[in-house]
file data-v5.pdb (PDB, C-alpha atoms)
ATOM      1  CA  MET A 749     -22.063  42.210 225.893
ATOM      2  CA  ARG A 750     -21.846  40.548 222.457
ATOM      3  CA  LEU A 751     -18.944  42.789 221.485
ATOM      4  CA  ILE A 752     -17.067  41.869 224.658
ATOM      5  CA  ILE A 753     -17.623  38.157 223.993
ATOM      6  CA  LEU A 754     -16.420  38.552 220.389
ATOM      7  CA  ILE A 755     -13.266  40.361 221.496
ATOM      8  CA  SER A 756     -12.586  37.729 224.137
ATOM      9  CA  ILE A 757     -12.901  34.905 221.625
ATOM     10  CA  ALA A 758     -10.685  36.764 219.203
ATOM     11  CA  ALA A 759      -8.049  37.198 221.866
ATOM     12  CA  LEU A 760      -8.045  33.472 222.585
ATOM     13  CA  LEU A 761      -7.757  32.665 218.863
ATOM     14  CA  LYS A 762      -5.149  35.416 218.352
ATOM     15  CA  VAL A 763      -7.039  37.046 215.464
ATOM     16  CA  ASN A 764      -8.280  40.574 214.896
ATOM     17  CA  ALA A 765     -11.935  40.605 215.948
ATOM     18  CA  PHE A 766     -12.623  43.622 213.777
ATOM     19  CA  GLY A 767     -11.122  41.921 210.757
ATOM     20  CA  VAL A 768     -13.099  38.713 210.959
ATOM     21  CA  PHE A 769     -15.707  39.806 208.443
ATOM     22  CA  SER A 770     -13.184  41.032 205.901
ATOM     23  CA  PHE A 771     -11.207  37.826 206.362
ATOM     24  CA  ASN A 772     -14.320  35.755 205.773
ATOM     25  CA  SER A 773     -15.139  37.831 202.712
ATOM     26  CA  ARG A 774     -11.693  37.296 201.251
ATOM     27  CA  TYR A 775     -11.817  33.601 202.069
ATOM     28  CA  THR A 776     -15.265  33.200 200.496
ATOM     29  CA  THR A 777     -14.158  34.980 197.334
ATOM     30  CA  ARG A 778     -11.025  32.864 197.101
ATOM     31  CA  ILE A 779     -12.764  29.505 197.377
ATOM     32  CA  ALA A 780     -15.579  30.516 194.977
ATOM     33  CA  VAL A 781     -13.283  31.332 192.053
ATOM     34  CA  GLU A 782     -12.268  28.341 189.947
ATOM     35  CA  PRO A 783      -9.880  28.408 187.002
ATOM     36  CA  TYR A 784     -11.556  28.132 183.590
ATOM     37  CA  VAL A 785     -10.513  25.014 181.749
ATOM     38  CA  VAL A 786     -10.633  25.210 177.958
ATOM     39  CA  GLU A 787     -12.363  22.269 176.285
ATOM     40  CA  ILE A 788     -11.508  21.967 172.618
ATOM     41  CA  ALA A 789     -14.474  20.851 170.545
ATOM     42  CA  SER A 790     -13.804  17.649 168.657
ATOM     43  CA  ASP A 791     -15.236  17.014 165.186
ATOM     44  CA  GLU A 792     -17.709  14.567 166.727
ATOM     45  CA  LYS A 793     -18.899  17.121 169.293
ATOM     46  CA  VAL A 794     -19.300  19.835 166.661
ATOM     47  CA  GLU A 795     -21.189  17.440 164.372
ATOM     48  CA  THR A 796     -23.635  16.690 167.183
ATOM     49  CA  LEU A 797     -24.225  20.367 167.981
ATOM     50  CA  VAL A 798     -24.639  21.346 164.333
ATOM     51  CA  THR A 799     -26.945  18.398 163.625
ATOM     52  CA  TYR A 800     -29.353  19.440 166.365
ATOM     53  CA  ASP A 801     -29.179  23.011 165.116
ATOM     54  CA  GLU A 802     -30.146  21.851 161.618
ATOM     55  CA  LEU A 803     -33.042  19.824 163.034
ATOM     56  CA  GLU A 804     -34.146  22.896 164.962
ATOM     57  CA  ARG A 805     -34.185  24.942 161.756
ATOM     58  CA  LEU A 806     -36.105  22.276 159.857
ATOM     59  CA  SER A 807     -38.690  22.115 162.630
ATOM     60  CA  ILE A 808     -39.199  25.875 162.294
ATOM     61  CA  GLU A 809     -39.661  25.572 158.529
ATOM     62  CA  LEU A 810     -42.376  22.986 159.109
ATOM     63  CA  ALA A 811     -43.987  24.884 161.992
ATOM     64  CA  LYS A 812     -44.085  28.194 160.111
ATOM     65  CA  ALA A 813     -46.222  26.735 157.325
ATOM     66  CA  ALA A 814     -48.285  24.643 159.751
ATOM     67  CA  ARG A 815     -49.130  27.680 161.883
ATOM     68  CA  ILE A 816     -50.780  29.413 158.919
ATOM     69  CA  ILE A 817     -52.884  26.343 158.108
ATOM     70  CA  LEU A 818     -53.771  25.836 161.770
ATOM     71  CA  ILE A 819     -55.063  29.370 162.256
ATOM     72  CA  SER A 820     -56.948  29.290 158.955
ATOM     73  CA  ASP A 821     -58.654  26.053 159.981
ATOM     74  CA  GLY A 822     -59.562  27.458 163.389
ATOM     75  CA  GLU A 823     -61.000  30.665 161.985
ATOM     76  CA  LYS A 824     -63.093  28.632 159.554
ATOM     77  CA  ASN A 825     -64.498  26.178 162.095
ATOM     78  CA  ALA A 826     -64.655  28.117 165.365
ATOM     79  CA  LYS A 827     -66.401  31.273 166.505
ATOM     80  CA  GLU A 828     -63.432  32.452 168.559
ATOM     81  CA  LEU A 829     -59.702  31.765 168.413
ATOM     82  CA  ASP A 830     -58.225  33.267 171.578
ATOM     83  CA  GLY A 831     -54.437  33.614 171.614
ATOM     84  CA  LYS A 832     -53.833  32.889 167.926
ATOM     85  CA  ASP A 833     -51.192  35.628 167.688
ATOM     86  CA  GLU A 834     -49.160  34.475 170.683
ATOM     87  CA  ASN A 835     -45.655  33.090 170.140
ATOM     88  CA  ARG A 836     -46.485  29.928 172.071
ATOM     89  CA  VAL A 837     -48.613  28.717 169.141
ATOM     90  CA  GLY A 838     -45.628  28.624 166.782
ATOM     91  CA  ILE A 839     -43.268  27.395 169.472
ATOM     92  CA  SER A 840     -45.643  24.597 170.436
ATOM     93  CA  LEU A 841     -45.817  23.384 166.836
ATOM     94  CA  LYS A 842     -42.054  23.580 166.501
ATOM     95  CA  THR A 843     -41.526  21.630 169.715
ATOM     96  CA  GLY A 844     -43.773  18.785 168.609
ATOM     97  CA  VAL A 845     -42.215  18.259 165.198
ATOM     98  CA  ARG A 846     -38.682  18.818 166.525
ATOM     99  CA  THR A 847     -39.170  16.030 169.042
ATOM    100  CA  ALA A 848     -40.212  13.677 166.227
ATOM    101  CA  LEU A 849     -37.203  14.702 164.115
ATOM    102  CA  VAL A 850     -34.755  14.197 166.981
ATOM    103  CA  LEU A 851     -36.146  10.769 167.846
ATOM    104  CA  GLN A 852     -35.930   9.693 164.206
ATOM    105  CA  HIS A 853     -32.387  11.040 163.948
ATOM    106  CA  ARG A 854     -31.375   8.994 166.970
ATOM    107  CA  ASP A 855     -32.956   5.949 165.363
ATOM    108  CA  ASP A 856     -30.191   5.647 162.748
ATOM    109  CA  ASN A 857     -31.500   8.593 160.709
ATOM    110  CA  LYS A 858     -34.656   6.707 159.759
ATOM    111  CA  TYR A 859     -36.882   9.639 158.855
ATOM    112  CA  ASN A 860     -40.534   8.818 158.277
ATOM    113  CA  LEU A 861     -42.701  11.519 156.710
ATOM    114  CA  GLU A 862     -45.917   9.878 157.894
ATOM    115  CA  VAL A 863     -44.687  10.055 161.487
ATOM    116  CA  LEU A 864     -43.754  13.720 161.035
ATOM    117  CA  THR A 865     -47.201  14.473 159.608
ATOM    118  CA  SER A 866     -48.864  12.604 162.459
ATOM    119  CA  GLU A 867     -46.878  14.517 165.087
ATOM    120  CA  LEU A 868     -47.575  17.833 163.398
ATOM    121  CA  GLU A 869     -51.287  17.042 163.265
ATOM    122  CA  HIS A 870     -51.270  15.989 166.924
ATOM    123  CA  SER A 871     -49.595  19.265 167.956
ATOM    124  CA  SER A 872     -51.948  21.263 165.731
ATOM    125  CA  MET A 873     -55.115  19.654 167.086
ATOM    126  CA  ARG A 874     -53.946  20.029 170.663
ATOM    127  CA  THR A 875     -53.247  23.703 170.042
ATOM    128  CA  LEU A 876     -56.551  24.281 168.218
ATOM    129  CA  ARG A 877     -58.509  22.721 171.074
ATOM    130  CA  ARG A 878     -56.796  25.080 173.480
ATOM    131  CA  LEU A 879     -57.326  28.140 171.294
ATOM    132  CA  THR A 880     -60.998  27.400 170.634
ATOM    133  CA  GLY A 881     -61.755  26.144 174.123
ATOM    134  CA  ASN A 882     -63.370  23.113 172.510
ATOM    135  CA  ARG A 883     -61.879  19.814 173.622
ATOM    136  CA  GLU A 884     -63.872  18.021 170.929
ATOM    137  CA  TYR A 885     -62.609  20.211 168.057
ATOM    138  CA  GLU A 886     -62.194  18.223 164.846
ATOM    139  CA  SER A 887     -61.124  19.100 161.329
ATOM    140  CA  GLY A 888     -61.530  17.010 158.220
ATOM    141  CA  ASP A 889     -59.123  18.999 156.049
ATOM    142  CA  LEU A 890     -56.209  19.618 158.404
ATOM    143  CA  ASN A 891     -54.440  16.269 157.995
ATOM    144  CA  ALA A 892     -54.344  16.523 154.196
ATOM    145  CA  GLU A 893     -53.005  20.089 154.346
ATOM    146  CA  LEU A 894     -50.327  19.183 156.884
ATOM    147  CA  ASP A 895     -49.312  16.174 154.797
ATOM    148  CA  LYS A 896     -48.677  18.514 151.855
ATOM    149  CA  ILE A 897     -46.645  20.829 154.076
ATOM    150  CA  VAL A 898     -44.420  18.011 155.324
ATOM    151  CA  LYS A 899     -43.818  16.559 151.857
ATOM    152  CA  ASN A 900     -43.189  19.936 150.181
ATOM    153  CA  THR A 901     -40.944  21.226 152.979
ATOM    154  CA  ILE A 902     -38.843  18.050 153.168
ATOM    155  CA  THR A 903     -38.554  17.929 149.376
ATOM    156  CA  ALA A 904     -37.366  21.541 149.244
ATOM    157  CA  TYR A 905     -34.954  20.970 152.122
ATOM    158  CA  SER A 906     -33.505  17.773 150.636
ATOM    159  CA  GLY A 907     -32.547  19.505 147.375
ATOM    160  CA  ASP A 908     -30.626  17.514 144.767
ATOM    161  CA  PHE A 909     -30.240  14.457 146.968
ATOM    162  CA  GLY A 910     -33.948  13.934 147.399
ATOM    163  CA  ASP A 911     -33.048  12.257 150.684
ATOM    164  CA  LEU A 912     -33.405  14.011 154.036
ATOM    165  CA  SER A 913     -30.660  12.037 155.777
ATOM    166  CA  LYS A 914     -28.083  12.674 153.030
ATOM    167  CA  GLU A 915     -28.942  16.372 152.777
ATOM    168  CA  LEU A 916     -28.696  16.765 156.544
ATOM    169  CA  ASN A 917     -25.246  15.138 156.568
ATOM    170  CA  LYS A 918     -24.155  17.385 153.702
ATOM    171  CA  ARG A 919     -25.207  20.547 155.539
ATOM    172  CA  VAL A 920     -23.571  19.425 158.760
ATOM    173  CA  GLU A 921     -20.269  18.581 157.062
ATOM    174  CA  ALA A 922     -20.224  21.990 155.356
ATOM    175  CA  ARG A 923     -20.425  23.760 158.732
ATOM    176  CA  VAL A 924     -18.162  21.563 160.872
ATOM    177  CA  GLY A 925     -14.858  22.698 159.367
ATOM    178  CA  GLY A 926     -15.261  26.278 160.510
ATOM    179  CA  LEU A 927     -16.043  25.299 164.098
ATOM    180  CA  SER A 928     -13.769  22.383 164.993
ATOM    181  CA  GLY A 929     -10.712  23.077 167.129
ATOM    182  CA  LYS A 930     -12.301  25.963 169.032
ATOM    183  CA  ASP A 931     -13.322  26.119 172.666
ATOM    184  CA  VAL A 932     -16.610  24.210 172.983
ATOM    185  CA  ASN A 933     -18.355  27.142 174.686
ATOM    186  CA  ASP A 934     -17.314  29.448 171.849
ATOM    187  CA  VAL A 935     -18.680  26.889 169.391
ATOM    188  CA  LYS A 936     -22.040  26.792 171.187
ATOM    189  CA  GLU A 937     -22.263  30.597 171.197
ATOM    190  CA  GLU A 938     -21.357  30.794 167.519
ATOM    191  CA  ILE A 939     -23.968  28.195 166.587
ATOM    192  CA  GLU A 940     -26.574  30.044 168.644
ATOM    193  CA  ASP A 941     -25.715  33.346 166.938
ATOM    194  CA  GLN A 942     -25.975  31.687 163.526
ATOM    195  CA  TYR A 943     -29.325  30.201 164.514
ATOM    196  CA  GLN A 944     -30.764  33.522 165.697
ATOM    197  CA  ASN A 945     -29.622  35.291 162.518
ATOM    198  CA  TRP A 946     -31.081  32.524 160.377
ATOM    199  CA  MET A 947     -34.394  32.728 162.250
ATOM    200  CA  LYS A 948     -34.705  36.460 161.632
ATOM    201  CA  ASP A 949     -33.858  36.087 157.934
ATOM    202  CA  PHE A 950     -36.118  33.089 157.329
ATOM    203  CA  LEU A 951     -39.118  34.110 159.420
ATOM    204  CA  GLY A 952     -39.135  37.826 158.672
ATOM    205  CA  ALA A 953     -42.341  39.319 160.047
ATOM    206  CA  ASP A 954     -43.246  35.928 161.570
ATOM    207  CA  TYR A 955     -40.195  36.018 163.860
ATOM    208  CA  LYS A 956     -42.331  37.301 166.740
ATOM    209  CA  PHE A 957     -44.403  34.115 166.611
ATOM    210  CA  PHE A 958     -41.389  31.922 167.289
ATOM    211  CA  LYS A 959     -39.171  34.087 169.441
ATOM    212  CA  GLY A 960     -38.515  32.494 172.825
ATOM    213  CA  ASP A 961     -35.816  31.871 175.409
ATOM    214  CA  ASP A 962     -33.891  28.668 176.100
ATOM    215  CA  LYS A 963     -37.106  27.000 177.263
ATOM    216  CA  PHE A 964     -39.512  25.787 174.634
ATOM    217  CA  HIS A 965     -43.198  25.638 175.299
ATOM    218  CA  ALA A 966     -45.767  22.972 174.634
ATOM    219  CA  LEU A 967     -49.469  23.238 175.276
ATOM    220  CA  ARG A 968     -51.549  20.677 177.104
ATOM    221  CA  TYR A 969     -54.657  20.454 179.233
ATOM    222  CA  GLY A 970     -54.154  20.697 182.976
ATOM    223  CA  LYS A 971     -56.616  19.627 185.645
ATOM    224  CA  GLY A 972     -59.776  21.435 184.639
ATOM    225  CA  ALA A 973     -57.974  24.195 182.759
ATOM    226  CA  HIS A 974     -55.538  24.888 179.958
ATOM    227  CA  ASP A 975     -52.001  25.432 181.099
ATOM    228  CA  LEU A 976     -48.527  25.879 179.771
ATOM    229  CA  VAL A 977     -45.649  23.562 180.471
ATOM    230  CA  ASN A 978     -41.983  24.130 179.736
ATOM    231  CA  MET A 979     -39.849  21.692 177.808
ATOM    232  CA  ARG A 980     -36.131  22.100 177.530
ATOM    233  CA  THR A 981     -34.363  21.540 174.241
ATOM    234  CA  LEU A 982     -33.240  18.031 173.415
ATOM    235  CA  LYS A 983     -29.602  18.897 173.006
ATOM    236  CA  ASN A 984     -26.486  17.244 174.355
TER     237      ASN A 984
END
call {"tool": "encode", "arguments": {"input": "data-v5.pdb", "output": "structure tokens"}}
result
Amino acid sequence: MRLIILISIAALLKVNAFGVFSFNSRYTTRIAVEPYVVEIASDEKVETLVTYDELERLSIELAKAARIILISDGEKNAKELDGKDENRVGISLKTGVRTALVLQHRDDNKYNLEVLTSELEHSSMRTLRRLTGNREYESGDLNAELDKIVKNTITAYSGDFGDLSKELNKRVEARVGGLSGKDVNDVKEEIEDQYQNWMKDFLGADYKFFKGDDKFHALRYGKGAHDLVNMRTLKN
């Protein structure tokens, strides 16, 4: 009965009833395909992308050293440290300090080492309380150790300038020339490839502690339990 109805309708519309599905398929394919429009990356766009990439790298440098101190402190002051070898520990530390770096960058490049230390300590304590299962976990030595890490890492990163903002601008300018004038999607892929290669070279055996996808993880307490929340990168 349905076939007869379909044929009758097709006859009224003067179309091939047995070709309706193929016609719809062709029509669907045709309207779904859109021409790709090339967007050439301006110097300003490339500078923005490279700047956030540099901040991402600096956050990893800080988080790598902080992770070692964090685990050492936990093993010294807690009976059990569950999950210390998971990549979310390193990624959580990186996320916290990266957020602080990005916010300071957006505030006219006013980098404050005390704020960075405070954020790193906050992320470390939050992570330690999750790993130990002790919401009241405290450490008297952690802040001083993290303060040394921030100062030593920033000093090493800043090089001859001795100024984080100037060194960051110098590194960005050195990379922009080779990326400007290309399709913006190609630029993003190239920056990502450079970032992944840098991570493997810099982290070495510690790469597994920071390897993740495009979502970055932060740790926090949920309702009555520890849970994991996803935070996307703060990139334009």
call {"tool": "residues_near_point", "arguments": {"input": "data-v5.pdb", "point": "(-28.3, 17.3, 166.8)", "cutoff": "10 Å", "atoms": "all atoms listed in the file", "output": "list in words"}}
result
Lys793, Val794, Glu795, Thr796, Leu797, Val798, Thr799, Tyr800, Asp801, Glu802, Leu803, Glu804, Leu849, Val850, His853, Arg854, Val920, Leu982, Lys983 and Asn984 of chain A
call {"tool": "atom_distance", "arguments": {"input": "data-v5.pdb", "atom1": "atom CA of Asp830 of chain A", "atom2": "atom CA of Leu876 of chain A"}}
result
9.7 Å
call {"tool": "closest_residue", "arguments": {"input": "data-v5.pdb", "among": "A:Glu787, A:Glu828, A:Thr880, A:Glu893", "to": "Lys936 of chain A", "atoms": "only C-alpha atoms"}}
result
A:Glu787
call {"tool": "closest_residue", "arguments": {"input": "data-v5.pdb", "among": "A:Tyr905, A:Phe957, A:Trp946, A:Tyr885", "to": "Asp821 of chain A", "atoms": "all atoms listed in the file"}}
result
A:Tyr885
call {"tool": "residues_around", "arguments": {"input": "data-v5.pdb", "residues": "Leu927 of chain A", "least_positions_apart": "4", "cutoff": "9 Å", "atoms": "all atoms listed in the file", "output": "PyMOL selection string"}}
result
chain A and resi 789+791+794+923+932+934-935+938-939
call {"tool": "closest_residue", "arguments": {"input": "data-v5.pdb", "among": "A:Glu937, A:Val786, A:Leu851, A:Ala826", "to": "Glu884 of chain A", "atoms": "only C-alpha atoms"}}
result
A:Ala826
call {"tool": "atom_distance", "arguments": {"input": "data-v5.pdb", "atom1": "atom CA of Arg836 of chain A", "atom2": "atom CA of Glu940 of chain A"}}
result
20.2 Å
call {"tool": "atom_distance", "arguments": {"input": "data-v5.pdb", "atom1": "atom CA of Asp856 of chain A", "atom2": "atom CA of Leu841 of chain A"}}
result
24.0 Å
call {"tool": "closest_residue", "arguments": {"input": "data-v5.pdb", "among": "A:Leu868, A:Ile788, A:Ala922, A:Ile816", "to": "Thr847 of chain A", "atoms": "all atoms listed in the file"}}
result
A:Leu868
